[in-house]
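Chemist: Contents are mmCIF, C-alpha atoms; file name coords_29.cif:
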data_model
#
loop_
_atom_site.label_atom_id
_atom_site.label_comp_id
_atom_site.auth_asym_id
_atom_site.auth_seq_id
_atom_site.Cartn_x
_atom_site.Cartn_y
_atom_site.Cartn_z
CA MET A 219 -132.81 -56.92 137.30
CA TYR A 220 -135.80 -58.34 139.15
CA THR A 221 -136.05 -62.08 138.46
CA LYS A 222 -139.47 -63.22 139.69
CA PRO A 223 -142.49 -63.62 137.34
CA LYS A 224 -144.42 -60.73 138.89
CA TYR A 225 -143.16 -57.51 140.39
CA PRO A 226 -144.71 -57.29 143.90
CA ILE A 227 -147.01 -54.30 144.24
CA ILE A 228 -145.79 -53.89 147.82
CA ILE A 229 -142.33 -52.98 146.51
CA VAL A 230 -143.84 -50.31 144.27
CA PHE A 231 -145.89 -48.88 147.16
CA ARG A 232 -142.86 -48.91 149.42
CA TRP A 233 -140.82 -47.18 146.72
CA THR A 234 -143.47 -44.45 146.17
CA ARG A 235 -144.99 -44.18 149.65
CA ARG A 236 -143.47 -40.77 150.39
CA TYR A 237 -145.24 -39.38 147.35
CA ILE A 238 -148.50 -41.09 148.32
CA TYR A 239 -148.43 -39.16 151.61
CA MET A 240 -147.89 -35.99 149.59
CA PHE A 241 -150.76 -36.87 147.25
CA PHE A 242 -153.04 -37.31 150.26
CA PHE A 243 -152.45 -33.75 151.47
CA ILE A 244 -152.65 -32.31 147.94
CA SER A 245 -156.06 -34.00 147.61
CA LEU A 246 -157.27 -33.19 151.12
CA ILE A 247 -156.63 -29.44 151.23
CA PRO A 248 -158.94 -28.47 148.31
CA VAL A 249 -161.77 -30.63 149.73
CA VAL A 250 -161.43 -29.01 153.17
CA LEU A 251 -161.49 -25.55 151.58
CA TYR A 252 -164.50 -26.47 149.48
CA GLU A 253 -166.61 -28.49 151.93
CA VAL A 254 -165.62 -27.17 155.36
CA LEU A 255 -164.73 -23.53 154.72
CA GLY A 256 -167.34 -23.03 152.00
CA PHE A 257 -165.01 -21.99 149.18
CA THR A 258 -167.42 -23.43 146.63
CA TRP A 259 -165.94 -21.30 143.86
CA LEU A 260 -162.68 -23.23 144.22
CA THR A 261 -163.34 -25.65 141.34
CA LEU A 262 -162.26 -26.15 137.75
CA PRO A 263 -164.23 -27.68 134.86
CA TRP A 264 -163.26 -31.28 134.23
CA GLN A 265 -162.92 -31.07 130.42
CA PRO A 266 -159.59 -29.17 130.26
CA ILE A 267 -158.15 -31.30 133.07
CA GLY A 268 -159.16 -34.45 131.21
CA LEU A 269 -157.55 -33.05 128.05
CA ILE A 270 -154.31 -32.35 129.95
CA GLY A 271 -154.38 -35.89 131.38
CA THR A 272 -154.82 -37.39 127.92
CA ALA A 273 -151.93 -35.35 126.50
CA LEU A 274 -149.80 -36.23 129.52
CA ALA A 275 -150.47 -39.95 129.00
CA PHE A 276 -149.09 -39.68 125.45
CA ILE A 277 -146.06 -37.67 126.56
CA THR A 278 -145.28 -40.06 129.41
CA GLY A 279 -145.67 -43.03 127.07
CA PHE A 280 -143.21 -41.43 124.63
CA LYS A 281 -140.69 -40.86 127.41
CA ASN A 282 -141.02 -44.40 128.75
CA ASN A 283 -140.60 -45.89 125.27
CA ALA A 284 -137.42 -43.86 124.78
CA SER A 285 -136.15 -44.86 128.23
CA TYR A 286 -136.87 -48.53 127.54
CA ASP A 287 -135.01 -48.27 124.23
CA ARG A 288 -131.92 -47.10 126.12
CA GLN A 289 -132.24 -49.99 128.58
CA TRP A 290 -132.81 -52.56 125.85
CA GLU A 291 -129.85 -51.26 123.84
CA ALA A 292 -127.69 -51.61 126.95
CA ARG A 293 -128.81 -55.21 127.33
CA LYS A 294 -128.02 -55.92 123.66
CA ILE A 295 -124.55 -54.45 124.13
CA TYR A 296 -123.88 -56.83 127.00
CA GLY A 297 -125.28 -59.67 124.93
CA GLY A 298 -122.65 -58.75 122.35
CA ILE A 299 -119.97 -58.79 125.06
CA VAL A 300 -121.08 -62.31 126.03
CA ASN A 301 -120.74 -63.55 122.45
CA ALA A 302 -117.45 -61.75 121.74
CA SER A 303 -115.96 -63.03 125.01
CA ARG A 304 -116.78 -66.65 124.22
CA LEU A 305 -115.34 -66.26 120.71
CA PHE A 306 -112.22 -64.65 122.17
CA ALA A 307 -111.75 -67.53 124.65
CA THR A 308 -112.18 -70.08 121.85
CA MET A 309 -109.51 -68.31 119.81
CA VAL A 310 -107.16 -68.15 122.83
CA ASN A 311 -107.66 -71.87 123.31
CA ASP A 312 -107.14 -72.90 119.68
CA PHE A 313 -104.88 -70.22 118.17
CA ILE A 314 -102.07 -70.07 120.75
CA THR A 315 -100.14 -73.21 119.92
CA ASN A 316 -96.66 -74.49 119.03
CA GLU A 317 -97.71 -75.09 115.42
CA PHE A 318 -95.59 -72.20 114.05
CA ALA A 319 -93.48 -71.45 117.15
CA ILE A 320 -89.79 -70.60 116.82
CA ASN A 321 -89.13 -72.00 120.27
CA GLU A 322 -91.76 -74.48 121.36
CA LYS A 323 -93.20 -74.11 124.87
CA PRO A 324 -94.42 -76.94 127.08
CA ASP A 325 -98.16 -77.32 127.56
CA GLU A 326 -97.93 -75.86 131.07
CA GLU A 327 -96.38 -72.66 129.71
CA LEU A 328 -98.98 -72.38 126.95
CA PHE A 329 -101.74 -72.80 129.54
CA LYS A 330 -100.23 -69.98 131.63
CA VAL A 331 -100.21 -67.73 128.56
CA ARG A 332 -103.83 -68.55 127.77
CA LYS A 333 -104.89 -68.06 131.39
CA ALA A 334 -103.11 -64.68 131.58
CA ILE A 335 -105.01 -63.46 128.49
CA VAL A 336 -108.35 -64.75 129.75
CA LEU A 337 -107.85 -63.21 133.20
CA ARG A 338 -106.90 -59.95 131.54
CA HIS A 339 -110.18 -60.10 129.64
CA VAL A 340 -111.99 -60.44 132.97
CA ALA A 341 -110.03 -57.40 134.16
CA TRP A 342 -111.36 -55.52 131.11
CA MET A 343 -114.95 -56.42 132.01
CA THR A 344 -114.27 -55.42 135.62
CA SER A 345 -112.86 -52.04 134.61
CA LEU A 346 -115.76 -51.45 132.23
CA ARG A 347 -118.48 -52.17 134.79
CA HIS A 348 -116.78 -49.94 137.38
CA ALA A 349 -116.71 -47.14 134.81
CA LEU A 350 -120.38 -47.70 134.02
CA ARG A 351 -121.34 -47.56 137.72
CA GLN A 352 -119.75 -44.15 138.28
CA LYS A 353 -122.25 -41.46 139.22
CA LYS A 354 -123.28 -38.83 136.70
CA SER A 355 -124.86 -35.49 137.57
CA TRP A 356 -128.09 -36.29 135.70
CA GLU A 357 -128.69 -39.67 137.37
CA THR A 358 -131.47 -39.65 139.95
CA ALA A 359 -130.78 -42.66 142.19
CA ALA A 360 -128.21 -40.90 144.37
CA SER A 361 -130.32 -37.77 144.92
CA ASN A 362 -133.78 -39.31 145.33
CA SER A 363 -134.51 -40.48 148.89
CA SER A 364 -136.92 -43.21 147.72
CA ASP A 365 -134.34 -44.55 145.28
CA ARG A 366 -131.63 -44.52 147.94
CA GLU A 367 -133.87 -46.45 150.32
CA HIS A 368 -134.71 -48.96 147.58
CA MET A 369 -131.00 -49.49 146.84
CA LYS A 370 -130.24 -50.36 150.47
CA SER A 371 -131.91 -53.74 150.00
CA ILE A 372 -129.57 -54.77 147.16
CA LYS A 373 -125.81 -55.18 147.01
CA VAL A 374 -123.93 -53.56 144.14
CA MET A 375 -120.41 -54.95 144.05
CA GLU A 376 -118.95 -51.86 142.39
CA PHE A 377 -120.18 -49.70 145.29
CA GLU A 378 -118.80 -52.05 147.95
CA HIS A 379 -115.38 -52.83 146.43
CA SER A 380 -112.95 -50.56 144.61
CA LEU A 381 -111.52 -51.38 141.20
CA THR A 382 -108.10 -51.75 142.83
CA GLU A 383 -109.47 -54.51 145.06
CA GLU A 384 -111.28 -56.30 142.27
CA LEU A 385 -108.29 -56.36 139.90
CA VAL A 386 -106.22 -58.38 142.36
CA GLY A 387 -105.41 -61.76 140.84
CA TYR A 388 -106.41 -60.77 137.33
CA LEU A 389 -103.45 -58.56 136.41
CA SER A 390 -99.79 -58.56 137.39
CA GLU A 391 -98.69 -55.76 139.71
CA ASP A 392 -97.03 -53.87 136.85
CA GLU A 393 -100.11 -54.22 134.66
CA LYS A 394 -102.40 -53.17 137.52
CA ASP A 395 -100.30 -50.04 138.18
CA TYR A 396 -100.37 -49.23 134.47
CA VAL A 397 -104.16 -49.62 134.23
CA LEU A 398 -104.95 -47.69 137.42
CA GLY A 399 -102.74 -44.85 136.23
CA LYS A 400 -104.92 -44.25 133.16
CA THR A 401 -108.12 -42.24 132.91
CA ASN A 402 -109.91 -44.88 130.83
CA ARG A 403 -108.92 -48.11 132.57
CA GLN A 404 -110.88 -50.44 130.30
CA THR A 405 -109.12 -49.05 127.23
CA ALA A 406 -105.77 -49.53 128.97
CA VAL A 407 -106.55 -53.21 129.57
CA LEU A 408 -107.38 -53.81 125.91
CA ASN A 409 -104.16 -52.01 124.99
CA LEU A 410 -102.23 -54.47 127.19
CA GLN A 411 -104.10 -57.33 125.56
CA SER A 412 -103.12 -56.16 122.09
CA LYS A 413 -99.46 -55.77 123.07
CA HIS A 414 -99.36 -59.28 124.55
CA ILE A 415 -100.84 -60.82 121.42
CA ARG A 416 -98.34 -58.88 119.28
CA GLN A 417 -95.55 -60.35 121.43
CA LEU A 418 -96.96 -63.84 120.87
CA ASN A 419 -96.99 -63.11 117.15
CA ALA A 420 -93.32 -62.12 117.31
CA GLU A 421 -92.60 -65.50 118.92
CA TRP A 422 -94.81 -67.22 116.31
CA LEU A 423 -97.02 -68.73 118.99
CA VAL A 424 -99.67 -66.88 116.97
CA ASP A 425 -99.18 -66.67 113.20
CA ASN A 426 -99.98 -63.57 111.15
CA PHE A 427 -103.47 -64.69 110.11
CA ARG A 428 -104.45 -65.55 113.68
CA HIS A 429 -102.95 -62.28 114.87
CA MET A 430 -105.27 -60.39 112.52
CA GLU A 431 -108.25 -62.39 113.78
CA PHE A 432 -107.35 -61.54 117.37
CA GLN A 433 -107.17 -57.86 116.44
CA LYS A 434 -110.64 -58.06 114.87
CA VAL A 435 -112.09 -59.39 118.12
CA ILE A 436 -110.29 -56.72 120.15
CA GLY A 437 -111.74 -54.17 117.73
CA GLU A 438 -115.22 -55.61 118.38
CA LEU A 439 -114.63 -55.30 122.14
CA PHE A 440 -113.65 -51.64 121.64
CA THR A 441 -116.87 -51.13 119.66
CA LEU A 442 -119.04 -52.67 122.37
CA GLN A 443 -117.22 -50.70 125.05
CA GLY A 444 -117.81 -47.48 123.12
CA LYS A 445 -121.52 -48.23 122.76
CA ALA A 446 -121.87 -48.80 126.50
CA GLU A 447 -119.93 -45.62 127.26
CA ARG A 448 -122.18 -43.69 124.88
CA ILE A 449 -125.28 -44.66 126.85
CA LYS A 450 -123.52 -43.91 130.14
CA ASN A 451 -122.08 -40.55 129.13
CA PHE A 452 -124.96 -39.16 127.06
CA PRO A 453 -128.17 -38.74 129.07
CA TYR A 454 -131.74 -38.92 127.93
CA PRO A 455 -132.27 -35.29 126.76
CA ARG A 456 -132.91 -33.28 129.89
CA GLN A 457 -135.43 -30.95 128.25
CA PHE A 458 -137.77 -33.90 127.62
CA ALA A 459 -137.26 -35.42 131.06
CA THR A 460 -137.65 -32.09 132.89
CA LEU A 461 -140.71 -30.89 131.01
CA ASN A 462 -142.44 -34.23 131.47
CA SER A 463 -141.84 -34.01 135.22
CA PHE A 464 -143.26 -30.46 135.26
CA PHE A 465 -146.34 -31.57 133.32
CA VAL A 466 -147.00 -34.44 135.72
CA TRP A 467 -146.85 -32.15 138.75
CA ILE A 468 -149.08 -29.54 137.09
CA PHE A 469 -151.65 -32.25 136.43
CA ILE A 470 -151.37 -33.58 140.00
CA ILE A 471 -151.92 -30.12 141.52
CA ILE A 472 -154.97 -29.16 139.44
CA LEU A 473 -156.59 -32.62 139.45
CA PRO A 474 -158.43 -32.27 142.82
CA PHE A 475 -160.06 -29.01 141.77
CA GLY A 476 -161.72 -30.79 138.85
CA LEU A 477 -162.74 -33.93 140.72
CA ILE A 478 -164.30 -31.98 143.62
CA ARG A 479 -167.00 -30.53 141.36
CA GLU A 480 -167.70 -33.86 139.65
CA PHE A 481 -168.06 -35.75 142.94
CA ASP A 482 -170.18 -32.96 144.45
CA LEU A 483 -172.55 -33.12 141.47
CA THR A 484 -172.76 -36.90 141.82
CA GLY A 485 -173.63 -36.54 145.50
CA ALA A 486 -176.27 -33.96 144.69
CA SER A 487 -177.81 -36.30 142.10
CA LEU A 488 -178.05 -39.03 144.74
CA LEU A 489 -179.92 -36.65 147.05
CA ALA A 490 -182.18 -35.53 144.20
CA SER A 491 -183.05 -39.09 143.27
CA GLY A 492 -185.95 -39.03 145.76
CA ASN A 493 -184.63 -41.99 147.73
CA HIS A 494 -184.86 -41.05 151.42
CA ASN A 495 -182.83 -44.03 152.57
CA PHE A 496 -180.49 -42.98 155.37
CA MET A 497 -177.42 -44.33 153.58
CA TYR A 498 -178.32 -42.43 150.41
CA GLU A 499 -178.56 -39.19 152.36
CA VAL A 500 -175.30 -39.73 154.26
CA VAL A 501 -173.38 -40.71 151.15
CA GLY A 502 -174.93 -37.94 149.09
CA ASP A 503 -174.06 -35.28 151.67
CA ASN A 504 -170.43 -36.47 151.94
CA PHE A 505 -169.78 -37.80 148.46
CA VAL A 506 -167.27 -35.04 147.74
CA TRP A 507 -164.87 -36.59 150.27
CA LEU A 508 -164.59 -39.66 148.05
CA SER A 509 -162.68 -37.51 145.58
CA ILE A 510 -159.65 -37.83 147.88
CA PRO A 511 -158.92 -41.57 147.37
CA PHE A 512 -159.71 -41.31 143.66
CA CYS A 513 -157.36 -38.35 143.32
CA ILE A 514 -154.61 -40.28 145.08
CA ILE A 515 -155.07 -43.29 142.78
CA ILE A 516 -154.95 -41.17 139.60
CA MET A 517 -151.98 -39.15 140.84
CA TRP A 518 -150.13 -42.32 141.82
CA ILE A 519 -150.68 -43.95 138.43
CA PHE A 520 -149.30 -40.99 136.49
CA PHE A 521 -146.44 -40.40 138.91
CA ALA A 522 -145.44 -44.08 139.10
CA MET A 523 -145.17 -44.24 135.31
CA GLU A 524 -143.08 -41.06 135.37
CA ARG A 525 -140.73 -42.60 137.95
CA VAL A 526 -140.45 -45.84 135.99
CA GLY A 527 -139.29 -43.79 133.01
CA ASP A 528 -136.83 -41.88 135.19
CA THR A 529 -135.21 -45.01 136.57
CA SER A 530 -135.01 -46.66 133.13
CA GLU A 531 -133.12 -43.76 131.53
CA ASN A 532 -129.77 -44.80 132.99
CA PRO A 533 -129.45 -48.60 132.77
CA PHE A 534 -126.05 -48.78 134.51
CA GLU A 535 -126.46 -46.60 137.61
CA GLY A 536 -127.16 -49.43 140.07
CA MET A 537 -130.94 -49.51 140.53
CA GLY A 538 -132.72 -52.82 141.01
CA ASN A 539 -134.14 -52.85 137.47
CA ASP A 540 -130.91 -51.98 135.65
CA VAL A 541 -129.05 -54.25 133.26
CA PRO A 542 -127.32 -56.81 135.55
CA ILE A 543 -123.80 -56.14 134.27
CA THR A 544 -122.08 -57.61 137.34
CA THR A 545 -123.98 -60.90 137.12
CA ILE A 546 -123.44 -61.10 133.35
CA SER A 547 -119.72 -60.42 133.76
CA ARG A 548 -119.38 -63.16 136.37
CA GLY A 549 -121.23 -65.57 134.08
CA ILE A 550 -118.81 -64.73 131.24
CA GLU A 551 -115.83 -65.24 133.55
CA ILE A 552 -117.05 -68.69 134.54
CA ASP A 553 -117.64 -69.65 130.89
CA ILE A 554 -114.30 -68.53 129.48
CA ARG A 555 -112.20 -69.88 132.34
CA GLU A 556 -113.88 -73.27 131.98
CA MET A 557 -113.29 -73.12 128.20
CA ILE A 558 -109.50 -73.00 128.61
CA GLY A 559 -109.59 -75.96 131.03
CA GLU A 560 -108.86 -74.15 134.29
CA ASP A 561 -109.37 -76.03 137.54
CA ILE A 562 -113.02 -75.65 138.54
CA ASN A 563 -111.99 -75.04 142.16
CA GLU A 564 -110.14 -71.87 141.16
CA ILE A 565 -113.12 -70.39 139.29
CA PRO A 566 -115.51 -68.22 141.35
CA GLY A 567 -119.14 -69.24 141.52
CA PRO A 568 -122.20 -67.33 140.24
CA LEU A 569 -123.18 -64.20 142.16
CA PRO A 570 -126.11 -64.62 144.57
CA GLU A 571 -129.37 -62.74 144.20
CA TYR A 572 -130.36 -60.12 146.77
CA GLU A 573 -134.06 -59.51 147.29
CA ASN A 574 -134.72 -61.50 144.06
CA THR A 575 -132.53 -59.03 142.18
CA GLN A 576 -129.46 -59.58 140.01
CA MET A 577 -126.98 -56.73 139.72
#
Can you dump the structure from the file as structure tokens?
Modeler:
Amino acid sequence: MYTKPKYPIIIVFRWTRRYIYMFFFISLIPVVLYEVLGFTWLTLPWQPIGLIGTALAFITGFKNNASYDRQWEARKIYGGIVNASRLFATMVNDFITNEFAINEKPDEELFKVRKAIVLRHVAWMTSLRHALRQKKSWETAASNSSDREHMKSIKVMEFEHSLTEELVGYLSEDEKDYVLGKTNRQTAVLNLQSKHIRQLNAEWLVDNFRHMEFQKVIGELFTLQGKAERIKNFPYPRQFATLNSFFVWIFIIILPFGLIREFDLTGASLLASGNHNFMYEVVGDNFVWLSIPFCIIIMWIFFAMERVGDTSENPFEGMGNDVPITTISRGIEIDIREMIGEDINEIPGPLPEYENTQM
């Protein structure tokens, strides 16, 4: 997630520069054929091209709205995880007591129990974000050279460290082996959490009512996890995404053939104006060449909006404008570990930004 007030245009140009070079040649070739080689028949009327552009603007807007909805839903899911995590930590702090215990435990032992549950919750968030960062066949960041170059400037923790490395210190060795042996690691962690709380209920460190409340929160965590997995595992319908990409490229290819004629007519009108000023004559004779920069600008606008929609479809894949699940998870960890009274020196600090980007 980019954190500055304005997104620098230089980043956008750097991200799309390969396509700008392509747009230059797509715009140049028809003008050379028309003006230099005399293929004056090589034009198209502007009206149908303008109609295609108008329709394309609506289609691209529809796609971008749908892509943004997926991204915003992902952010709401992680907002729910923030709230549920704080509630869970409050319950761990206040519900695990000696009030109904069969065998009372000293405060140090109770703190260890609370800390184990809270650290296991962090392990759940860690497992979930690693699952959400896994590559899917329909995601574009790994296959697009511009996206790969853009991602080099940011650090994604899940790509630099394995889940095995990140679970160290949050789970016991037996628990870690159990979790890593499962296909859905995040579900395995919540299963361990439920078993531990059931054990505390058997010891009456948690009474029956509080046990049910804990299970409700775990159920809410399962719900939020399932919502995030739904976005990750179900892509934006490929027929919409693919057809929109085809339409954009069709428009880009035919655009110069319409603008050539319009700019040539404008140049001719300058010459016919009766003004024999030298600049008028030079500009009028060569006005058709000005279609090249205008073509590039129009092509870039449509294509940039198409790419924005592409990179917003999958809000967990690791691009710079994705939902910052790693930063959010670290913020939750700091909150809930402070809530149970853990030593501040043992709690990790906030994650740094890279290139004004949170991941």
Chemist: Considering only C-alpha atoms, state which residue in the set A:Phe242, A:Phe313, A:Phe458, A:Tyr296 is at the smallest distance from Phe427 of chain A.
Modeler: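 Using only C-alpha atoms, the shortest distance to Phe427 of chain A belongs to A:Phe313.
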Chemist: Counting only C-alpha atoms, which of A:Asn532, A:Lys224, A:Glu327, A:Thr261 gets nearest to Val249 of chain A?
Modeler: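 Under the stated criterion, the closest residue is A:Thr261.
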Chemist: Do a neighbour search on Thr278 of chain A at 9 Å with all atoms listed in the file, toss out local chain neighbours closer than 3 positions, and write the hits as a PyMOL selection string.
Modeler: chain A and resi 273-275+281-283+462+466+520+523-524+527
Chemist: Output the residue selection produced by the PyMOL selection byres ((chain A and resi 227-238) around 8) on the file above, formatted as a list in words.
Modeler: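 Residues picked by the PyMOL selection byres ((chain A and resi 227-238) around 8): Tyr225, Pro226, Tyr239, Met240, Phe241, Phe242, Ser364, Asp365, Glu367, His368, Ile514, Trp518 and Ala522 of chain A.
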Chemist: Taking the file as shown, what set of residues would the PyMOL selection byres ((chain A and resi 262) around 10) give back, as a PyMOL selection string?
Modeler: chain A and resi 259-261+263-267+472-480
Chemist: Take atom CA of Glu564 of chain A and atom CA of Lys413 of chain A and report the distance between them in Å, one decimal.
Modeler: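 These two atoms are separated by 26.5 Å.
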Chemist: Kindly indicate which residue among A:Ala319, A:Ile314, A:Ile471, A:Val374 lies nearest to His414 of chain A, using all atoms listed in the file for the distances.
Modeler: A:Ile314
Chemist: Given the file above and the PyMOL selection byres ((chain A and resi 309) around 10), which residues are selected, and can you give them as JSON, numbers by chain?
Modeler: {"A": [303, 304, 305, 306, 307, 308, 310, 311, 312, 313, 314, 332, 428, 431, 432, 435, 558]}
Chemist: Quick one: everything within 9 Å of Trp290 of chain A, counting all atoms listed in the file, minus sequence neighbours fewer than 5 positions away in the same chain. Send it as a PDB file with C-alpha atoms, keeping the file's coordinate frame.
Modeler:
ATOM      1  CA  SER A 285    -136.150 -44.860 128.230  1.00  0.00           C
ATOM      2  CA  ILE A 295    -124.550 -54.450 124.130  1.00  0.00           C
ATOM      3  CA  PRO A 533    -129.450 -48.600 132.770  1.00  0.00           C
ATOM      4  CA  VAL A 541    -129.050 -54.250 133.260  1.00  0.00           C
TER       5      VAL A 541
END
Chemist: Point out the residue among A:Thr405, A:Ser355, A:Trp467, A:Pro570 with the least atom-to-atom distance to Gly437 of chain A, counting all atoms listed in the file.
Modeler: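 Ranking A:Thr405, A:Ser355, A:Trp467, A:Pro570 by distance to Gly437 of chain A, first place goes to A:Thr405.
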Chemist: How big is the axis-aligned box around all listed atoms of segment 457-464 of chain A once 8 Å goes on each side, and where's its centre, in Å to one decimal, as lines of an AutoDock Vina configuration file?
Modeler:
center_x = -139.3
center_y = -32.9
center_z = 131.4
size_x = 23.8
size_y = 21.0
size_z = 23.6
Chemist: Go through A:Thr401, A:Glu291, A:Ile510, A:Leu569 one by one, measure the shortest atom-to-atom distance of each to Ser547 of chain A using all atoms listed in the file, and give the residue with the smallest value.
Modeler: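 Ranking A:Thr401, A:Glu291, A:Ile510, A:Leu569 by distance to Ser547 of chain A, first place goes to A:Leu569.
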Chemist: Just the number, please: distance in Å from atom CA of Met343 of chain A to atom CA of Asn362 of chain A, one decimal.
Modeler: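 According to the coordinates, atom CA of Met343 of chain A and atom CA of Asn362 of chain A are separated by 28.7 Å.
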Chemist: At what distance in Å, to one decimal, does atom CA of Ile543 of chain A lie from atom CA of Leu346 of chain A?
Modeler: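 Separating atom CA of Leu346 of chain A from atom CA of Ile543 of chain A is a distance of 9.5 Å.
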Chemist: Looking at A:Glu383, A:Glu326, A:Asp528, A:Glu317, which one is nearest to Gln289 of chain A, with distances taken over only C-alpha atoms?
Modeler: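 Of the candidates, the smallest distance to Gln289 of chain A is held by A:Asp528.
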Chemist: Which residues are near segment 439-441 of chain A? Cut-off 9 Å, all atoms listed in the file, ignore same chain within fewer than 4 positions. Put them as a list in words.
Modeler: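 Once the adjacent positions are removed, what remains is Gly298, Ile299, Ala302, Ser303, Thr405, Leu408, Lys434, Val435, Lys445 and Ala446 of chain A.
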